[in-house]
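K.L.:
Here it is, the structure in full.
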There are 2 protein chains.
Amino acid sequence: MPNLPEDSIDSALFQENERTSSVGQPKEVVSVGELHLRAGGYLPDVEVAYESWGTLNSDASNAILICHALSGDSHAIGWWDRLVGPGKAIDTEKYFVVCSNALGGCQGTTGPASSAEDGRPYGSRFPVVQVEDMVEIQARLADHLGIGRWLCVAGGSMGGMQALCWAVQYPNRVAGVWATASCAAHSAMQIGFNEVGRQAIQRDPEWKGGDYYDGPGPVNGLSVARMAGHLSYLSDQSFTMKFGRRLQDGDEFRFDNGIEFAIESYLNYQGDKFTNRFDANSYLLLTRAIDYFSLKSLESAKCKFLFTSFDSDWIYPSHQIEQLHAMAQEAGKQSEWHEIASPMGHDSFLLDDQRQAEIVKAWLLRF
Amino acid sequence: MPNLPEDSIDSALFQENERTSSVGQPKEVVSVGELHLRAGGYLPDVEVAYESWGTLNSDASNAILICHALSGDSHAIGWWDRLVGPGKAIDTEKYFVVCSNALGGCQGTTGPASSAEDGRPYGSRFPVVQVEDMVEIQARLADHLGIGRWLCVAGGSMGGMQALCWAVQYPNRVAGVWATASCAAHSAMQIGFNEVGRQAIQRDPEWKGGDYYDGPGPVNGLSVARMAGHLSYLSDQSFTMKFGRRLQDGDEFRFDNGIEFAIESYLNYQGDKFTNRFDANSYLLLTRAIDYFSLKSLESAKCKFLFTSFDSDWIYPSHQIEQLHAMAQEAGKQSEWHEIASPMGHDSFLLDDQRQAEIVKAWLLRF
């Protein structure tokens with residue numbers, strides 16, 4: 001079992017933009033022009049928010065792109081600071097590390113809460129986004145940064161899907177792809193969990209069809225969506241370790257139809273906190289993007305692959321990563337897959353700074 | 001793998017009171033008097049709805065009580081007709097089988113939607129119910145029926161908790177207890193799933209603090225609660241078997257921000273259908289009752305125990321039943337535990353008419 005601080009699961013997917021000190025540049029926003037989206041929509045001007053750490057070398061051969069998960073942002077040293085930073089597995093003293101907020105998100109890159117040409121938020125007018133669109137925008141960011149080919153594109157969960165998409169969409173622009181706690185395509189159960197969250201939002205009367213920016217917005221729906229998501233990111237064992245049946249206040253039940261257990265308080269707190277930093281329309285858009293994603297083959301890829309999965313991850317179960325490894329091998333690509341023992345469920349990819357970090361560090365050194 | 005019809009998972013926990021033909025009596029409602037509840041509340045008159053099948057023998061020694069799960073009702077031949085009926089494992093030609101709607105429910109037994117003395121629904125005035133209160137009401141029903149001692153009290157999930165409660169609350173009134181897909185006490189994750197459902201209901205503005213009976217009520221919240229619950233009752237494998245990534249309409253994505261996948265349509269359908277037959281306040285009350293439940297010991301029991309669990313049940317994992325079996329053994333009771341292979345998750349206890357049925361039938365024959 002990894003050596004985890006008591007409050008580690010609070011600091012993972014669920015953190016409140018805690019800005020740790022880093023050697024990087026402050027968040028920048030760059031315009032990358034118009035975009036015709038694959039599902040048929042159009043955006044006249046896309047802005048991308050990104051951060052970077054370290055120094056790009058003279059032949060631009062040391063660049064690593066990190067792709068964030070559903071609720072993440074460009075601040076990889078923050079949500080992934082166990083793996084990314086000076087002296088870490090993704091060593092910012094050695095590599096030039098870039099992380100951008102995904103298209104459709106709400107942390108600086110153009111998304112549903114951004115202003116359209118009429119000055120009002122897109123809201124319901126924002127087009128359907130697919131992972132392929134996110135990656136196209138990242139490629140334009142790479143052009144802007146003078147990076148012809150990434151040494152590595154890496155990510156977990158939704159970030160892993162983006163990394164895999166890079167391998168087949170821009171095969172000449174990436175030397176290695178690392179996907180962790182991810183999959184080639186969502187299963188019915190994964191889609192189902194996303195749909196519960198979407199319905200919680202869309203059935204909130206404050207959602208107003210997506211045009212809620214002059215009101216409070218669907219904060220209750222988004223909070224419930226986050227609570228359901230949160231349950232899927234951890235594991236029976238990790239919840240028991242952290243909460244068990246501990247009561248929130250005192251030693252006896254209050255029987256007042258309110259919060260009794262610490263886990264109830266925790267979920268409500270995490271759900272409500274999430275609404276301060278995340279846009280409900282982005283939640284709808286990004287969950288749909290990852291439900292749409294379906295990688296059929298890695299034939300066209302020209303990179304090598306690293307896959308990691310976690311034995312207690314039941315929402316992105318290990319057999320999905322095993323399948324990706326098999327796809328890579330069938331396509332004749334260099335690939336390795338490591339299943340890592342960890343009690344922390346899906347969140348393990350954010351928390352495991354031991355085995356996962358060793359594997360990634362060693363893999364990068366073999367380039 | 002059990003031999004399951006294609007639509008079996010529709011017919012399990014989620015069915016719409018499908019009344020199959022049976023040899024039983026129609027649903028009856030009996031008054032069992034006032035009740036001082038353990039959490040401090042008071043009900044001046046409790047009515048219990050029950051159904052029965054078969055014939056009570058002259059010394060009342062062939063009576064079996066079946067306790068239903070969260071969303072069930074008294075119609076055991078219906079939600080459990082794979083196991084209960086003429087010639088089935090719980091053979092209504094041999095046993096006198098009784099099933100009552102739980103206290104706090106909404107299918108005939110006094111619950112939050114029932115009329116209080118002022119003629120208005122209890123709503124927010126309904127007292128907190130615990131599993132022990134449910135069992136006290138069942139004991140009064142047994143008195144009414146002339147049953148001094150049940151040959152067996154049986155149930156799955158919440159029904160299993162009631163059966164276990166019988167063993168220690170009325171040790172002289174039960175000869176055997178069979179609990180399936182149940183536990184001694186909810187884990188943090190089980191409480192967490194219930195809390196997501198409760199918040200979906202309570203954050204729906206139509207919940208109105210519980211006094212919604214003159215309006216539409218929190219149908220959206222209850223529907224989302226049911227969708228989340230539904231996800232927890234099945235398994236990754238069963239969802240993949242039934243739905244996979246099949247689209248709801250046609251062969252191509254529509255990209256219209258609506259339903260795309262069959263699993264999405266199914267969950268919404270099941271959630272919405274549930275609101276036609278279930279009361280949101282009962283959902284809150286009963287989920288709290290099972291979160292409160294905590295069986296500390298089986299020392300005081302005088303019955304023998306049968307425990308069954310299912311390897312794909314991740315919300316009531318097998319290790320919880322294993323723990324109950326260990327508790328029974330530590331208390332020196334006759335106990336057996338069978339873990340059954342089934343892909344259907346928690347719902348297996350409603351669906352497995354092969355291995356589970358064989359085990360129960362054989363166990364009952366050894367009385």
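A note on labels: chains of the structure tokens are A, B, ... as shown, every chain counts residues from 1, and ligands are counted from 1 in their shown order.
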Could you give me, as a VMD selection string, the residues within 7 Å of region 257-262 of chain A, counting only C-alpha atoms and dropping anything in the same chain fewer than 6 positions from it?
P.N.:
chain A and resid 243 245 to 248
K.L.:
Hey, list the chain B side of the contact with chain A: 7 Å cut-off, only C-alpha atoms, answer as a PyMOL selection string.
P.N.:
chain B and resi 39+128+187-189+192+195-196+199-200+203+220+224+227-228+236+239-240+243-245+255+263-264
K.L.:
Using DSSP secondary structure from the backbone, list all alpha helix (DSSP H) positions within region 22-88 of chain A, as a PyMOL selection string.
P.N.:
chain A and resi 76-79
K.L.:
Can you tell me, as number ranges by chain, what residues are no more than 9 Å from Cys67 (chain B) when counting only C-alpha atoms, ignoring any on the same chain fewer than 4 positions away?
P.N.:
B: 72-74, 76, 98-102, 153-156, 158-163
K.L.:
Please produce a file of the residues just selected, as a CSV table (one decimal), in the first residue's frame, where the atoms kept are N, CA, C and O atoms.
P.N.:
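Printed below is again-v3.csv as written:
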```
chain,number,residue,atom,x,y,z
B,72,GLY,N,-38.9,-2.7,-2.5
B,72,GLY,CA,-39.8,-3.8,-2.7
B,72,GLY,C,-41.2,-3.5,-2.0
B,72,GLY,O,-41.5,-2.4,-1.5
B,73,ASP,N,-42.0,-4.6,-1.9
B,73,ASP,CA,-43.3,-4.5,-1.3
B,73,ASP,C,-43.7,-5.8,-0.8
B,73,ASP,O,-42.9,-6.7,-0.7
B,74,SER,N,-45.0,-6.0,-0.5
B,74,SER,CA,-45.4,-7.3,0.1
B,74,SER,C,-45.6,-8.4,-0.9
B,74,SER,O,-45.8,-9.5,-0.6
B,76,ALA,N,-44.1,-10.7,-2.6
B,76,ALA,CA,-42.9,-11.5,-2.8
B,76,ALA,C,-43.0,-12.3,-4.1
B,76,ALA,O,-42.0,-12.5,-4.8
B,98,VAL,N,-45.3,-15.4,4.2
B,98,VAL,CA,-45.9,-14.1,4.5
B,98,VAL,C,-44.9,-13.1,4.1
B,98,VAL,O,-43.6,-13.2,4.3
B,99,CYS,N,-45.3,-12.0,3.5
B,99,CYS,CA,-44.5,-10.9,3.2
B,99,CYS,C,-45.2,-9.6,3.5
B,99,CYS,O,-46.4,-9.4,3.0
B,100,SER,N,-44.7,-8.7,4.3
B,100,SER,CA,-45.3,-7.4,4.6
B,100,SER,C,-44.5,-6.3,4.1
B,100,SER,O,-43.3,-6.3,4.0
B,101,ASN,N,-45.2,-5.2,3.8
B,101,ASN,CA,-44.5,-4.0,3.4
B,101,ASN,C,-43.9,-3.4,4.7
B,101,ASN,O,-44.5,-3.3,5.7
B,102,ALA,N,-42.7,-2.9,4.6
B,102,ALA,CA,-41.9,-2.4,5.7
B,102,ALA,C,-42.5,-1.1,6.3
B,102,ALA,O,-43.1,-0.3,5.5
B,153,VAL,N,-37.0,-16.6,8.8
B,153,VAL,CA,-37.2,-15.3,8.3
B,153,VAL,C,-36.1,-15.0,7.3
B,153,VAL,O,-34.9,-15.3,7.5
B,154,ALA,N,-36.5,-14.6,6.1
B,154,ALA,CA,-35.5,-14.5,5.0
B,154,ALA,C,-35.6,-13.1,4.3
B,154,ALA,O,-36.6,-12.5,4.2
B,155,GLY,N,-34.5,-12.7,3.8
B,155,GLY,CA,-34.5,-11.5,3.0
B,155,GLY,C,-33.1,-11.1,2.4
B,155,GLY,O,-32.1,-11.6,2.9
B,156,GLY,N,-33.1,-10.3,1.4
B,156,GLY,CA,-31.9,-9.8,0.8
B,156,GLY,C,-31.8,-8.3,1.0
B,156,GLY,O,-32.7,-7.6,1.1
B,158,MET,N,-31.8,-4.9,2.4
B,158,MET,CA,-32.5,-4.4,3.5
B,158,MET,C,-33.3,-5.5,4.2
B,158,MET,O,-33.4,-5.6,5.4
B,159,GLY,N,-33.8,-6.4,3.3
B,159,GLY,CA,-34.6,-7.6,3.9
B,159,GLY,C,-33.7,-8.5,4.7
B,159,GLY,O,-34.2,-9.0,5.7
B,160,GLY,N,-32.4,-8.6,4.3
B,160,GLY,CA,-31.5,-9.4,5.1
B,160,GLY,C,-31.2,-8.8,6.5
B,160,GLY,O,-31.1,-9.5,7.5
B,161,MET,N,-31.2,-7.5,6.5
B,161,MET,CA,-31.0,-6.8,7.8
B,161,MET,C,-32.2,-7.0,8.7
B,161,MET,O,-32.0,-7.3,9.9
B,162,GLN,N,-33.4,-7.0,8.2
B,162,GLN,CA,-34.6,-7.3,9.0
B,162,GLN,C,-34.5,-8.7,9.5
B,162,GLN,O,-34.8,-9.0,10.7
B,163,ALA,N,-34.1,-9.7,8.7
B,163,ALA,CA,-34.0,-11.1,9.1
B,163,ALA,C,-33.0,-11.2,10.2
B,163,ALA,O,-33.3,-11.9,11.2
```
K.L.:
For region 321-334 of chain B, find every residue with an atom within 6 Å (counting only C-alpha atoms), except residues of its own chain fewer than 5 positions away, and show them as a ChimeraX atom specification.
P.N.:
/B:183,298-299,304
K.L.:
Go through A:Ser182, A:Ser58, A:Ser312, A:Ser115 and flag the residue nearest Gly146 (chain A), using only C-alpha atoms for the distances.
P.N.:
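The closest residue to Gly146 (chain A) is A:Ser58.
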K.L.:
Need to verify the contact set: Pro171 (chain B), 10 Å, only C-alpha atoms, exclusion of same-chain residues closer than 2 positions in sequence. Can you return it as a ChimeraX atom specification?
P.N.:
/B:149,165-169,173-176,298,300-303
K.L.:
Can you tell me how far CA of Phe305 (chain A) sits from CA of Trp337 (chain A), in Å to one decimal?
P.N.:
8.5 Å
K.L.:
Assign secondary structure with DSSP using the backbone only, and return the residues of region 11-170 of chain B in strand (DSSP E) as JSON, numbers by chain.
P.N.:
{"B": [28, 29, 30, 31, 35, 36, 42, 43, 47, 48, 49, 50, 51, 52, 53, 63, 64, 65, 66, 67, 84, 85, 90, 91, 96, 97, 98, 99, 100, 152, 153, 154, 155, 156]}
K.L.:
Please write the residues from the selection above to a file, keeping N, CA, C and O atoms, as a CSV table (one decimal), in the first residue's frame.
P.N.:
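Done, and the output landed in result_8.csv:
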```csv
chain,number,residue,atom,x,y,z
B,28,GLU,N,-53.7,-7.7,2.2
B,28,GLU,CA,-54.6,-7.3,3.3
B,28,GLU,C,-53.8,-6.2,4.1
B,28,GLU,O,-52.6,-6.1,4.1
B,29,VAL,N,-54.6,-5.4,4.8
B,29,VAL,CA,-54.1,-4.4,5.7
B,29,VAL,C,-54.6,-4.6,7.1
B,29,VAL,O,-55.9,-4.7,7.2
B,30,VAL,N,-53.8,-4.6,8.1
B,30,VAL,CA,-54.2,-4.9,9.4
B,30,VAL,C,-53.6,-3.8,10.3
B,30,VAL,O,-52.5,-3.4,10.2
B,31,SER,N,-54.4,-3.3,11.3
B,31,SER,CA,-54.0,-2.4,12.2
B,31,SER,C,-53.3,-3.1,13.4
B,31,SER,O,-53.8,-4.0,13.9
B,35,LEU,N,-47.2,2.9,18.1
B,35,LEU,CA,-45.8,2.5,18.2
B,35,LEU,C,-45.0,3.7,18.7
B,35,LEU,O,-45.0,4.8,18.2
B,36,HIS,N,-44.2,3.4,19.8
B,36,HIS,CA,-43.2,4.3,20.2
B,36,HIS,C,-41.9,3.8,19.5
B,36,HIS,O,-41.4,2.7,19.8
B,42,TYR,N,-43.3,8.8,17.6
B,42,TYR,CA,-44.5,8.1,18.0
B,42,TYR,C,-45.5,8.1,16.9
B,42,TYR,O,-45.7,9.1,16.1
B,43,LEU,N,-46.1,6.9,16.7
B,43,LEU,CA,-47.2,6.8,15.7
B,43,LEU,C,-48.4,6.2,16.4
B,43,LEU,O,-48.3,5.2,17.0
B,47,GLU,N,-50.6,0.7,10.5
B,47,GLU,CA,-51.3,-0.3,9.6
B,47,GLU,C,-50.2,-1.1,8.9
B,47,GLU,O,-49.2,-0.4,8.4
B,48,VAL,N,-50.4,-2.4,8.7
B,48,VAL,CA,-49.4,-3.2,8.0
B,48,VAL,C,-50.1,-3.9,6.8
B,48,VAL,O,-51.1,-4.5,7.0
B,49,ALA,N,-49.5,-3.7,5.7
B,49,ALA,CA,-50.0,-4.4,4.5
B,49,ALA,C,-49.2,-5.6,4.3
B,49,ALA,O,-48.0,-5.6,4.4
B,50,TYR,N,-49.9,-6.8,4.1
B,50,TYR,CA,-49.1,-8.0,3.9
B,50,TYR,C,-49.9,-8.9,2.9
B,50,TYR,O,-51.1,-8.7,2.6
B,51,GLU,N,-49.1,-9.8,2.4
B,51,GLU,CA,-49.7,-10.9,1.5
B,51,GLU,C,-49.2,-12.2,2.1
B,51,GLU,O,-48.2,-12.3,2.8
B,52,SER,N,-50.0,-13.3,1.8
B,52,SER,CA,-49.6,-14.6,2.2
B,52,SER,C,-49.9,-15.6,1.1
B,52,SER,O,-50.8,-15.4,0.3
B,53,TRP,N,-49.2,-16.7,1.1
B,53,TRP,CA,-49.4,-17.8,0.2
B,53,TRP,C,-49.2,-19.1,0.9
B,53,TRP,O,-48.4,-19.2,1.9
B,63,ALA,N,-44.3,-21.6,8.9
B,63,ALA,CA,-44.4,-20.2,8.5
B,63,ALA,C,-43.1,-19.6,8.1
B,63,ALA,O,-42.1,-19.7,8.9
B,64,ILE,N,-43.0,-18.9,7.0
B,64,ILE,CA,-41.8,-18.3,6.6
B,64,ILE,C,-42.1,-16.8,6.3
B,64,ILE,O,-43.1,-16.5,5.6
B,65,LEU,N,-41.3,-15.9,6.9
B,65,LEU,CA,-41.5,-14.5,6.7
B,65,LEU,C,-40.4,-14.0,5.7
B,65,LEU,O,-39.2,-14.3,5.9
B,66,ILE,N,-40.9,-13.3,4.7
B,66,ILE,CA,-40.0,-12.8,3.7
B,66,ILE,C,-40.0,-11.2,3.9
B,66,ILE,O,-41.0,-10.6,3.9
B,67,CYS,N,-38.8,-10.7,4.0
B,67,CYS,CA,-38.6,-9.3,4.2
B,67,CYS,C,-38.1,-8.6,2.9
B,67,CYS,O,-37.1,-9.1,2.3
B,84,VAL,N,-39.7,-18.0,-4.8
B,84,VAL,CA,-40.9,-18.2,-3.9
B,84,VAL,C,-42.1,-18.6,-4.8
B,84,VAL,O,-42.4,-17.8,-5.7
B,85,GLY,N,-42.8,-19.7,-4.5
B,85,GLY,CA,-44.0,-20.1,-5.2
B,85,GLY,C,-44.1,-21.6,-5.2
B,85,GLY,O,-43.3,-22.3,-4.6
B,90,ILE,N,-38.6,-21.8,-1.9
B,90,ILE,CA,-39.5,-21.5,-0.8
B,90,ILE,C,-40.9,-21.8,-1.3
B,90,ILE,O,-41.6,-21.0,-2.0
B,91,ASP,N,-41.2,-23.1,-1.0
B,91,ASP,CA,-42.4,-23.7,-1.7
B,91,ASP,C,-43.7,-23.4,-1.0
B,91,ASP,O,-43.9,-23.8,0.1
B,96,PHE,N,-46.2,-21.8,4.7
B,96,PHE,CA,-47.1,-20.6,4.7
B,96,PHE,C,-46.2,-19.4,4.7
B,96,PHE,O,-45.4,-19.1,5.6
B,97,VAL,N,-46.2,-18.7,3.6
B,97,VAL,CA,-45.3,-17.6,3.3
B,97,VAL,C,-45.9,-16.3,3.4
B,97,VAL,O,-47.0,-16.1,2.9
B,98,VAL,N,-45.3,-15.4,4.2
B,98,VAL,CA,-45.9,-14.1,4.5
B,98,VAL,C,-44.9,-13.1,4.1
B,98,VAL,O,-43.6,-13.2,4.3
B,99,CYS,N,-45.3,-12.0,3.5
B,99,CYS,CA,-44.5,-10.9,3.2
B,99,CYS,C,-45.2,-9.6,3.5
B,99,CYS,O,-46.4,-9.4,3.0
B,100,SER,N,-44.7,-8.7,4.3
B,100,SER,CA,-45.3,-7.4,4.6
B,100,SER,C,-44.5,-6.3,4.1
B,100,SER,O,-43.3,-6.3,4.0
B,152,CYS,N,-38.6,-19.7,9.4
B,152,CYS,CA,-37.5,-19.0,8.8
B,152,CYS,C,-37.9,-17.5,8.5
B,152,CYS,O,-39.1,-17.3,8.2
B,153,VAL,N,-37.0,-16.6,8.8
B,153,VAL,CA,-37.2,-15.3,8.3
B,153,VAL,C,-36.1,-15.0,7.3
B,153,VAL,O,-34.9,-15.3,7.5
B,154,ALA,N,-36.5,-14.6,6.1
B,154,ALA,CA,-35.5,-14.5,5.0
B,154,ALA,C,-35.6,-13.1,4.3
B,154,ALA,O,-36.6,-12.5,4.2
B,155,GLY,N,-34.5,-12.7,3.8
B,155,GLY,CA,-34.5,-11.5,3.0
B,155,GLY,C,-33.1,-11.1,2.4
B,155,GLY,O,-32.1,-11.6,2.9
B,156,GLY,N,-33.1,-10.3,1.4
B,156,GLY,CA,-31.9,-9.8,0.8
B,156,GLY,C,-31.8,-8.3,1.0
B,156,GLY,O,-32.7,-7.6,1.1
```
